[in-house]
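Here the structure comes first, spelled out in structure tokens, and everything after it is commentary.
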Amino acid sequence: MRTFDLSPLYRTAIGFDRLAQMFDNAQRTDQPSYPPYNIELVAEDKYRITMAVAGFARSEIDIETENETLKITGRKQKEDKQVNFLHRGIAARDFEQRFQLANHIKVVGANLENGLLNIELVREIPEALKPRKIEIGAGDGSDNVQRLERAA
């Protein structure tokens, strides 16, 4: 795979450092594949991340968001007794999975059921950023000025 040098972007773009960081992260090939997960679109502005975390208890999983990044960490507690496995197919290793969230995506809940961790997300666009309809006034222009002054 090709790699690209994005340092000129860092030098000349102001305010796009997050975009450049996303490009850098996308180029890395060491993205974790454990535990397996699905991302689904539930409704127009609702999403769900489902992770297969068999063998983990609620107390062994942490979910936190910071700077539009969702981090899910699993720390398996060490068992007191020594077990002699003939075959070990269920992974019980620690994990950390990160997801970059788009603007205005919020985590609204999480639950663990039957070895599946479901994280519910929703896009909440603030009223000030939603599109709004602007009325077009009649001919002379004075009506438009009055409407704008009243709105301000």
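Here's how to read the names in the structure tokens: chain A, B, ... by the order shown, residue numbers from 1 in each chain, ligand numbers from 1 in the order shown.
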### Message
I need the residues in segment 34-120 of chain A that are strand (DSSP E or B) according to DSSP; give them as a ChimeraX atom specification.
### Response
/A:37-43,46-52,61-66,69-74,95-100,105-113,116-120
### Task
Might you pull out every residue within 9 Å of Ile49 of chain A, with only C-alpha atoms counted and same-chain residues fewer than 2 positions away left off, and present them as a PyMOL selection string?
chain A and resi 37-40+47+51+117-121
### Message
Residues near segment 92-95 of chain A, anyone? I mean within 12 Å using only C-alpha atoms, not counting same-chain ones fewer than 3 positions away, as a ChimeraX atom specification.
### Response
/A:31-36,51-57,60-63,71-79,88-89,98
Output file for the residues above (N, CA and C atoms, as a tab-separated table (two decimals), in the first residue's frame):
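Done, and the output landed in part-v1.tsv:
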chain	number	residue	atom	x	y	z
A	31	GLN	N	-4.75	-1.61	12.70
A	31	GLN	CA	-6.04	-1.41	13.35
A	31	GLN	C	-6.47	-2.72	14.01
A	32	PRO	N	-6.94	-2.65	15.26
A	32	PRO	CA	-7.31	-3.88	15.96
A	32	PRO	C	-8.55	-4.52	15.35
A	33	SER	N	-8.53	-5.85	15.29
A	33	SER	CA	-9.69	-6.58	14.76
A	33	SER	C	-10.41	-7.36	15.86
A	34	TYR	N	-9.94	-7.25	17.08
A	34	TYR	CA	-10.56	-7.94	18.21
A	34	TYR	C	-11.07	-6.91	19.19
A	35	PRO	N	-12.22	-7.03	19.67
A	35	PRO	CA	-13.25	-8.01	19.36
A	35	PRO	C	-14.00	-7.63	18.08
A	36	PRO	N	-14.62	-8.60	17.43
A	36	PRO	CA	-15.38	-8.27	16.22
A	36	PRO	C	-16.58	-7.39	16.56
A	51	MET	N	-20.66	-5.20	19.69
A	51	MET	CA	-19.37	-5.87	19.84
A	51	MET	C	-19.56	-7.22	20.51
A	52	ALA	N	-18.87	-8.23	19.99
A	52	ALA	CA	-18.91	-9.57	20.58
A	52	ALA	C	-17.86	-9.63	21.69
A	53	VAL	N	-18.31	-9.58	22.93
A	53	VAL	CA	-17.41	-9.56	24.08
A	53	VAL	C	-17.70	-10.75	25.01
A	54	ALA	N	-17.77	-11.93	24.42
A	54	ALA	CA	-18.08	-13.13	25.20
A	54	ALA	C	-17.03	-13.32	26.30
A	55	GLY	N	-17.52	-13.63	27.48
A	55	GLY	CA	-16.62	-13.88	28.61
A	55	GLY	C	-16.32	-12.66	29.45
A	56	PHE	N	-16.72	-11.47	29.02
A	56	PHE	CA	-16.48	-10.25	29.78
A	56	PHE	C	-17.72	-9.89	30.58
A	57	ALA	N	-17.51	-9.49	31.83
A	57	ALA	CA	-18.60	-9.01	32.68
A	57	ALA	C	-18.74	-7.50	32.52
A	60	GLU	N	-15.93	-5.39	33.79
A	60	GLU	CA	-14.65	-5.48	33.09
A	60	GLU	C	-14.59	-4.63	31.83
A	61	ILE	N	-15.68	-3.92	31.51
A	61	ILE	CA	-15.75	-3.12	30.29
A	61	ILE	C	-15.98	-1.66	30.66
A	62	ASP	N	-15.18	-0.76	30.07
A	62	ASP	CA	-15.34	0.67	30.26
A	62	ASP	C	-15.63	1.33	28.92
A	63	ILE	N	-16.57	2.27	28.92
A	63	ILE	CA	-16.92	3.03	27.72
A	63	ILE	C	-16.80	4.50	28.06
A	71	LYS	N	-14.16	5.39	23.10
A	71	LYS	CA	-13.16	4.38	23.46
A	71	LYS	C	-13.83	3.31	24.31
A	72	ILE	N	-13.69	2.06	23.88
A	72	ILE	CA	-14.23	0.91	24.60
A	72	ILE	C	-13.05	0.06	25.02
A	73	THR	N	-12.95	-0.18	26.32
A	73	THR	CA	-11.83	-0.92	26.88
A	73	THR	C	-12.35	-2.12	27.65
A	74	GLY	N	-11.73	-3.26	27.43
A	74	GLY	CA	-12.06	-4.47	28.19
A	74	GLY	C	-10.82	-4.96	28.90
A	75	ARG	N	-10.89	-5.10	30.21
A	75	ARG	CA	-9.78	-5.58	31.03
A	75	ARG	C	-10.27	-6.83	31.77
A	76	LYS	N	-9.77	-7.97	31.33
A	76	LYS	CA	-10.18	-9.24	31.91
A	76	LYS	C	-9.50	-9.43	33.26
A	77	GLN	N	-10.28	-9.75	34.28
A	77	GLN	CA	-9.72	-10.01	35.60
A	77	GLN	C	-9.04	-11.37	35.59
A	78	LYS	N	-7.93	-11.46	36.25
A	78	LYS	CA	-7.18	-12.72	36.32
A	78	LYS	C	-7.91	-13.70	37.23
A	79	GLU	N	-7.99	-14.93	36.75
A	79	GLU	CA	-8.66	-15.96	37.54
A	79	GLU	C	-7.72	-16.49	38.61
A	88	ARG	N	-8.66	-23.80	23.55
A	88	ARG	CA	-9.14	-22.49	24.00
A	88	ARG	C	-9.52	-21.69	22.77
A	89	GLY	N	-10.81	-21.62	22.48
A	89	GLY	CA	-11.31	-20.91	21.32
A	89	GLY	C	-11.95	-19.58	21.65
A	98	ARG	N	-11.26	1.97	19.45
A	98	ARG	CA	-11.61	3.39	19.34
A	98	ARG	C	-12.40	3.63	18.06
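Backbone DSSP over segment 16-120 of chain A gives helix (DSSP H, G or I) for Asp17, Arg18, Leu19, Ala20, Gln21, Met22, Phe23, Asp24, Asn25, Ala26, Gln27, Arg58, Ser59 and Glu60 of chain A.
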For N, CA and C atoms, I'd like the residues from the last selection saved as an mmCIF file, in the first residue's frame.
data_model
loop_
_atom_site.group_PDB
_atom_site.id
_atom_site.type_symbol
_atom_site.label_atom_id
_atom_site.label_comp_id
_atom_site.auth_asym_id
_atom_site.auth_seq_id
_atom_site.Cartn_x
_atom_site.Cartn_y
_atom_site.Cartn_z
ATOM 1 N N ASP A 17 -6.281 20.318 11.069
ATOM 2 C CA ASP A 17 -5.406 19.331 11.672
ATOM 3 C C ASP A 17 -6.154 18.056 12.053
ATOM 4 N N ARG A 18 -7.425 18.169 12.419
ATOM 5 C CA ARG A 18 -8.214 16.975 12.739
ATOM 6 C C ARG A 18 -8.410 16.112 11.496
ATOM 7 N N LEU A 19 -8.653 16.758 10.353
ATOM 8 C CA LEU A 19 -8.803 16.026 9.101
ATOM 9 C C LEU A 19 -7.508 15.312 8.740
ATOM 10 N N ALA A 20 -6.396 15.991 8.886
ATOM 11 C CA ALA A 20 -5.101 15.389 8.585
ATOM 12 C C ALA A 20 -4.819 14.230 9.533
ATOM 13 N N GLN A 21 -5.207 14.370 10.797
ATOM 14 C CA GLN A 21 -5.013 13.296 11.756
ATOM 15 C C GLN A 21 -5.850 12.076 11.375
ATOM 16 N N MET A 22 -7.050 12.299 10.860
ATOM 17 C CA MET A 22 -7.889 11.184 10.413
ATOM 18 C C MET A 22 -7.239 10.468 9.233
ATOM 19 N N PHE A 23 -6.624 11.219 8.315
ATOM 20 C CA PHE A 23 -5.920 10.589 7.202
ATOM 21 C C PHE A 23 -4.749 9.751 7.709
ATOM 22 N N ASP A 24 -4.005 10.295 8.665
ATOM 23 C CA ASP A 24 -2.889 9.551 9.237
ATOM 24 C C ASP A 24 -3.363 8.254 9.881
ATOM 25 N N ASN A 25 -4.445 8.332 10.642
ATOM 26 C CA ASN A 25 -4.973 7.142 11.307
ATOM 27 C C ASN A 25 -5.472 6.112 10.300
ATOM 28 N N ALA A 26 -6.045 6.569 9.201
ATOM 29 C CA ALA A 26 -6.561 5.645 8.185
ATOM 30 C C ALA A 26 -5.434 4.908 7.472
ATOM 31 N N GLN A 27 -4.263 5.509 7.415
ATOM 32 C CA GLN A 27 -3.137 4.877 6.741
ATOM 33 C C GLN A 27 -2.513 3.755 7.557
ATOM 34 N N ARG A 58 -19.865 -6.958 32.951
ATOM 35 C CA ARG A 58 -20.079 -5.506 32.865
ATOM 36 C C ARG A 58 -18.962 -4.734 33.575
ATOM 37 N N SER A 59 -18.514 -5.247 34.703
ATOM 38 C CA SER A 59 -17.486 -4.554 35.487
ATOM 39 C C SER A 59 -16.119 -4.554 34.799
ATOM 40 N N GLU A 60 -15.931 -5.385 33.789
ATOM 41 C CA GLU A 60 -14.646 -5.482 33.095
ATOM 42 C C GLU A 60 -14.595 -4.630 31.829
#
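Separating atom CA of Asn111 of chain A from atom CA of Asn67 of chain A is a distance of 22.6 Å.
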### Selected residue, from A:Ala43, A:Ile136, A:Val107, A:Leu86, that lies nearest to Glu66 of chain A when counting only C-alpha atoms
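That would be A:Val107, the residue with the smallest distance to Glu66 of chain A.
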